[in-house]
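Visitor: Next up is a structure, given as structure tokens.
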Amino acid sequence: MLPPSLVGKTAAITGATGSIGFAIATRFAREGASVVLAGRSVQKLQNTLKQTQDTKPWQWQTTTVQQQQQQQQNHAIVELDTRKLSDWKGLVEKHEIDILVNCAGISQHSLLVRAAEADVDELIDTNLRSAIWGCKVVGKQMISRSRRATDGKGKGKGEGGCCIINVSSLLAQRAVVGSAVYSASKAGLLGLTTALSQEFGHYGVRVNAILPGYIESGMTSDLPDRDEIMAKIPLKRFGEPDEVADAAAFLAKNTYANNCILTLDGGSSAV
Ligand SMILES: NC(=O)c1ccc[n+]([C@@H]2O[C@H](COP(=O)([O-])OP(=O)(O)OC[C@H]3O[C@@H](n4cnc5c(N)ncnc54)[C@H](OP(=O)(O)O)[C@@H]3O)[C@@H](O)[C@H]2O)c1
């Protein structure tokens, strides 16, 4: 028996022009999915699309003529500011989404008493409210499709074909001084995930989250205390974006994964 793949699936990924989002897009393309790269900058999206189109799917998945036909991939870009509900509505007008990865995010480091109102608003809007809109709009489309495909109600089928993956952070559970608002936004994603794993799970739409620890990316390259942080990680290194993408691929493919909160931190959560 062949291992599961993402052949025939369409995956929308926000933050696809960033380090982790791009790694997830590339991995999903290798697994046979068509990827919809969502982001604010068309220029950056076009560059990312070119690299995604150059990514060839793993051939071991192609055994039958039917599978070869299904393996036609149509990668696309969508201009989307995750904070705007109207942009999400535009996404589902153009695409039927099987997998949504809410990966767009920003980080801020500030003591709460010094945090400016505008910065708090921007962080909560980008990291939490955006994912709420994404789950609401894309989740509704997934549920409608699931109901059409089943008995008209879709309840209790639990097929697990569609799924949403929220990229949270270890800081949701292991907050540090200066991370109050970021940690609150990422902890909010866990509440969202757990509630929707029940609300959407009844229709066979799975909702999961990844909690990455420190990952090599634009977000962590200029941390002033990089060496100090690394020394405390049991594996003594930051993770790679591809390692987060591997976790996303697992959650996308494993049809029993629902409310699966996957920590990927080199052991940081143990210390
Ligand atoms: N790196 C880490 O160590 C780490 C650890 C734990 C969790 N995470 C989480 O992982 C996710 C990806 O992080 P990363 O390291 O890959 O960061 P990154 O390289 O800075 O990428 C962030 C992405 O989010 C996009 N984005 C930000 N605001 C947006 C908005 N309003 N609408 C649409 N797109 C928006 C950015 O697009 P633009 O180019 O348009 O700004 C960019 O593509 C984030 O949610 C982050 O919190 C990261």
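Ligands are numbered from 1 in the order shown, chains are lettered A, B, ... in the order of the structure tokens, and residues start at 1 in each chain.
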Do you know which residues are within 8 Å of ligand 1 using only C-alpha atoms and all ligand atoms? Can you write them as a PyMOL selection string?

Guide: chain A and resi 14-22+38-41+44+80-83+102-107+125-127+130+167-171+186+211-220+238-239+241

Visitor: Atoms to include: N, CA and C atoms. Write the selected residues as a short mmCIF file (atom, residue, chain, number, x, y, z; two decimals), in the first residue's frame.

Guide:
```cif
data_model
loop_
_atom_site.label_atom_id
_atom_site.label_comp_id
_atom_site.auth_asym_id
_atom_site.auth_seq_id
_atom_site.Cartn_x
_atom_site.Cartn_y
_atom_site.Cartn_z
N THR A 14 -1.15 30.91 3.99
CA THR A 14 -0.86 32.31 4.23
C THR A 14 0.58 32.42 4.76
N GLY A 15 1.17 33.59 4.58
CA GLY A 15 2.57 33.73 4.97
C GLY A 15 3.48 32.91 4.07
N ALA A 16 2.99 32.63 2.85
CA ALA A 16 3.73 31.74 1.95
C ALA A 16 5.02 32.37 1.43
N THR A 17 5.14 33.70 1.57
CA THR A 17 6.38 34.35 1.14
C THR A 17 7.40 34.38 2.27
N GLY A 18 7.02 33.91 3.44
CA GLY A 18 7.95 33.88 4.57
C GLY A 18 8.66 32.54 4.68
N SER A 19 9.54 32.43 5.66
CA SER A 19 10.41 31.25 5.76
C SER A 19 9.60 29.95 5.94
N ILE A 20 8.75 29.92 6.95
CA ILE A 20 8.05 28.67 7.27
C ILE A 20 6.94 28.41 6.25
N GLY A 21 6.20 29.46 5.88
CA GLY A 21 5.12 29.30 4.90
C GLY A 21 5.65 28.79 3.57
N PHE A 22 6.79 29.30 3.15
CA PHE A 22 7.37 28.85 1.87
C PHE A 22 7.78 27.38 1.97
N ALA A 38 -0.83 32.68 -0.63
CA ALA A 38 -1.59 33.88 -0.27
C ALA A 38 -0.68 34.86 0.45
N GLY A 39 -0.75 36.12 0.04
CA GLY A 39 0.09 37.13 0.69
C GLY A 39 -0.24 38.52 0.21
N ARG A 40 0.46 39.50 0.78
CA ARG A 40 0.13 40.90 0.48
C ARG A 40 0.88 41.44 -0.72
N SER A 41 2.10 40.93 -0.95
CA SER A 41 2.93 41.50 -2.02
C SER A 41 2.91 40.61 -3.26
N LYS A 44 6.42 39.54 -4.38
CA LYS A 44 6.98 38.43 -3.60
C LYS A 44 6.26 37.12 -3.93
N LEU A 80 -3.79 38.69 -0.67
CA LEU A 80 -4.66 38.57 0.50
C LEU A 80 -3.98 39.17 1.72
N ASP A 81 -4.62 40.18 2.29
CA ASP A 81 -4.18 40.67 3.60
C ASP A 81 -5.04 39.91 4.60
N THR A 82 -4.40 39.07 5.39
CA THR A 82 -5.16 38.14 6.25
C THR A 82 -6.09 38.87 7.21
N ARG A 83 -5.84 40.15 7.45
CA ARG A 83 -6.67 40.89 8.41
C ARG A 83 -8.00 41.30 7.83
N ASN A 102 -2.85 28.52 8.24
CA ASN A 102 -2.75 29.89 8.74
C ASN A 102 -1.34 30.08 9.30
N CYS A 103 -0.46 30.60 8.45
CA CYS A 103 0.96 30.71 8.86
C CYS A 103 1.42 32.16 8.95
N ALA A 104 0.67 33.09 8.35
CA ALA A 104 1.10 34.50 8.40
C ALA A 104 1.19 34.94 9.85
N GLY A 105 2.21 35.70 10.15
CA GLY A 105 2.32 36.19 11.52
C GLY A 105 3.44 37.21 11.64
N ILE A 106 3.36 37.97 12.71
CA ILE A 106 4.43 38.92 13.02
C ILE A 106 4.83 38.70 14.48
N SER A 107 6.02 39.18 14.83
CA SER A 107 6.43 39.06 16.23
C SER A 107 6.76 40.44 16.77
N ASP A 125 -4.46 41.56 15.50
CA ASP A 125 -5.13 41.47 14.19
C ASP A 125 -4.45 40.47 13.28
N THR A 126 -3.12 40.53 13.24
CA THR A 126 -2.37 39.70 12.29
C THR A 126 -2.30 38.24 12.76
N ASN A 127 -2.03 38.05 14.03
CA ASN A 127 -1.77 36.68 14.49
C ASN A 127 -3.02 35.91 14.90
N SER A 130 -6.85 37.35 12.16
CA SER A 130 -6.69 36.86 10.78
C SER A 130 -7.05 35.38 10.67
N VAL A 167 -0.64 27.81 12.66
CA VAL A 167 0.75 27.85 13.13
C VAL A 167 0.80 28.77 14.36
N SER A 168 0.87 28.14 15.51
CA SER A 168 0.93 28.85 16.78
C SER A 168 2.41 29.01 17.16
N SER A 169 2.74 28.83 18.41
CA SER A 169 4.13 28.97 18.84
C SER A 169 4.29 28.33 20.21
N LEU A 170 5.48 27.88 20.49
CA LEU A 170 5.76 27.36 21.84
C LEU A 170 5.48 28.44 22.89
N LEU A 171 5.65 29.72 22.47
CA LEU A 171 5.41 30.82 23.41
C LEU A 171 3.94 30.94 23.82
N LYS A 186 -0.92 33.81 20.25
CA LYS A 186 -0.67 32.41 19.84
C LYS A 186 -1.45 31.44 20.72
N LEU A 211 3.07 24.00 17.24
CA LEU A 211 3.75 24.93 18.15
C LEU A 211 5.25 24.84 17.90
N PRO A 212 5.75 25.63 16.97
CA PRO A 212 7.21 25.58 16.75
C PRO A 212 7.93 26.30 17.89
N GLY A 213 9.10 25.78 18.22
CA GLY A 213 9.99 26.52 19.11
C GLY A 213 10.75 27.54 18.26
N TYR A 214 12.03 27.72 18.52
CA TYR A 214 12.80 28.68 17.72
C TYR A 214 13.20 28.03 16.39
N ILE A 215 12.83 28.72 15.30
CA ILE A 215 13.09 28.20 13.96
C ILE A 215 13.97 29.20 13.21
N GLU A 216 14.95 28.68 12.44
CA GLU A 216 15.82 29.57 11.64
C GLU A 216 14.95 30.31 10.63
N SER A 217 14.87 31.62 10.75
CA SER A 217 14.01 32.39 9.85
C SER A 217 14.32 33.87 10.03
N GLY A 218 13.67 34.68 9.19
CA GLY A 218 13.83 36.13 9.33
C GLY A 218 13.46 36.59 10.73
N MET A 219 12.51 35.88 11.34
CA MET A 219 12.02 36.28 12.66
C MET A 219 13.06 36.08 13.76
N THR A 220 13.97 35.13 13.56
CA THR A 220 14.92 34.79 14.64
C THR A 220 16.37 35.12 14.32
N PHE A 238 18.48 25.74 16.57
CA PHE A 238 17.13 26.14 16.17
C PHE A 238 16.63 25.11 15.15
N GLY A 239 15.30 25.01 15.01
CA GLY A 239 14.75 24.11 14.00
C GLY A 239 14.86 24.73 12.61
N PRO A 241 12.92 25.47 8.86
CA PRO A 241 11.55 25.58 8.31
C PRO A 241 11.05 24.26 7.71
#
```

Visitor: Let's see if you can do this: from backbone DSSP, list all alpha helix (DSSP H) residues in segment 196-271 of chain A, as a CSV table (one decimal) with N, CA and C atoms, in the first residue's frame.

Guide:
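Below you can see part27.csv, which holds the result:
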```
chain,number,residue,atom,x,y,z
A,196,LEU,N,-12.8,24.6,17.3
A,196,LEU,CA,-13.2,24.3,15.9
A,196,LEU,C,-13.0,22.8,15.6
A,197,SER,N,-12.1,22.2,16.3
A,197,SER,CA,-11.9,20.7,16.1
A,197,SER,C,-13.2,20.0,16.4
A,198,GLN,N,-14.0,20.6,17.3
A,198,GLN,CA,-15.4,20.0,17.6
A,198,GLN,C,-16.4,20.5,16.7
A,199,GLU,N,-16.4,21.9,16.5
A,199,GLU,CA,-17.5,22.5,15.7
A,199,GLU,C,-17.4,22.1,14.2
A,226,ARG,N,20.5,35.2,20.8
A,226,ARG,CA,20.4,33.9,20.1
A,226,ARG,C,21.2,32.8,20.7
A,227,ASP,N,22.5,33.1,21.0
A,227,ASP,CA,23.4,32.1,21.6
A,227,ASP,C,22.9,31.6,22.9
A,228,GLU,N,22.5,32.5,23.7
A,228,GLU,CA,22.0,32.2,25.1
A,228,GLU,C,20.7,31.2,24.9
A,229,ILE,N,19.8,31.6,24.0
A,229,ILE,CA,18.6,30.8,23.8
A,229,ILE,C,19.0,29.4,23.3
A,230,MET,N,19.9,29.3,22.4
A,230,MET,CA,20.3,28.1,21.8
A,230,MET,C,20.9,27.1,22.8
A,231,ALA,N,21.7,27.7,23.7
A,231,ALA,CA,22.3,26.9,24.7
A,231,ALA,C,21.3,26.2,25.6
A,232,LYS,N,20.1,26.8,25.7
A,232,LYS,CA,19.1,26.2,26.6
A,232,LYS,C,18.3,25.1,25.9
A,241,PRO,N,12.9,25.5,8.9
A,241,PRO,CA,11.6,25.6,8.3
A,241,PRO,C,11.1,24.3,7.7
A,242,ASP,N,11.9,23.5,7.1
A,242,ASP,CA,11.5,22.2,6.5
A,242,ASP,C,11.0,21.2,7.6
A,243,GLU,N,11.6,21.4,8.8
A,243,GLU,CA,11.1,20.5,9.8
A,243,GLU,C,9.7,20.8,10.3
A,244,VAL,N,9.4,22.1,10.2
A,244,VAL,CA,8.0,22.5,10.5
A,244,VAL,C,7.1,22.0,9.4
A,245,ALA,N,7.6,22.2,8.2
A,245,ALA,CA,6.8,21.7,7.0
A,245,ALA,C,6.5,20.2,7.1
A,246,ASP,N,7.4,19.5,7.6
A,246,ASP,CA,7.2,18.0,7.8
A,246,ASP,C,6.0,17.8,8.8
A,247,ALA,N,6.0,18.6,9.8
A,247,ALA,CA,4.9,18.4,10.8
A,247,ALA,C,3.6,18.8,10.1
A,248,ALA,N,3.6,19.8,9.3
A,248,ALA,CA,2.4,20.3,8.6
A,248,ALA,C,1.9,19.2,7.6
A,249,ALA,N,2.8,18.5,7.0
A,249,ALA,CA,2.5,17.4,6.0
A,249,ALA,C,1.8,16.3,6.8
A,250,PHE,N,2.3,16.0,8.0
A,250,PHE,CA,1.8,14.9,8.8
A,250,PHE,C,0.3,15.3,9.2
A,251,LEU,N,0.1,16.5,9.6
A,251,LEU,CA,-1.3,16.9,10.0
A,251,LEU,C,-2.2,16.9,8.9
A,252,ALA,N,-1.7,17.3,7.7
A,252,ALA,CA,-2.6,17.4,6.5
A,252,ALA,C,-3.0,16.0,6.1
A,253,LYS,N,-2.1,15.0,6.2
A,253,LYS,CA,-2.3,13.7,5.7
A,253,LYS,C,-3.0,12.7,6.6
```

Visitor: Taking only C-alpha atoms into account, name the residue in A:Gln46, A:Lys89, A:Ile165, A:Pro4 that is nearest to Ile210 of chain A.

Guide: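 Of all the options, A:Ile165 lies closest to Ile210 of chain A.
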
Visitor: So what do you get for atom CA of Ile233 of chain A versus atom CA of Leu264 of chain A, distance-wise?

Guide: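 Spanning atom CA of Ile233 of chain A to atom CA of Leu264 of chain A is a straight-line distance of 11.7 Å.
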
Visitor: Segment 42-240 of chain A: which residues are strand (DSSP E) by DSSP, as a list in words?

Guide: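 DSSP-assigned strand (DSSP E) residues in segment 42-240 of chain A: Ala76, Ile77, Val78, Glu79, Ile99, Leu100, Val101, Asn102, Cys162, Cys163, Ile164, Ile165, Asn166, Val167, Val205, Arg206, Val207, Asn208, Ala209, Ile210, Leu211 and Pro212 of chain A.
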
Visitor: Would you mind telling me which residue in A:Ala257, A:Val138, A:Ala180, A:Val42 lies nearest to Val101 of chain A when using only C-alpha atoms?

Guide: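 For Val101 of chain A, the nearest of the given residues is A:Val138.
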
Visitor: Which residue gives the smallest distance to Phe28 of chain A among A:Gly266, A:Pro3, A:Gly161, A:Pro57, with only C-alpha atoms counted?

Guide: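 Among A:Gly266, A:Pro3, A:Gly161, A:Pro57, it is A:Pro57 that comes nearest to Phe28 of chain A.
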
Visitor: What does the distance between atom CA of Ser269 of chain A and atom CA of Ser185 of chain A come to in Å, to one decimal place?

Guide: 18.6 Å

Visitor: Show me, as number ranges by chain, the residues that have an atom within 8 Å of Leu189 of chain A when counting only C-alpha atoms, minus same-chain residues fewer than 4 positions from it.

Guide: A: 128, 131, 166, 168, 185, 193, 209

Visitor: Out of A:Leu6, A:Leu123, A:Ile13, A:Ile143, which residue has the shortest atom-to-atom distance to Ser110 of chain A when counting only C-alpha atoms?

Guide: A:Leu123

Visitor: Calculated over only C-alpha atoms, which of the candidates A:Gly139, A:Gly178, A:Gly188, A:Gly267 has the smallest distance to Gly204 of chain A?

Guide: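 Closest residue, counting only C-alpha atoms: A:Gly139.
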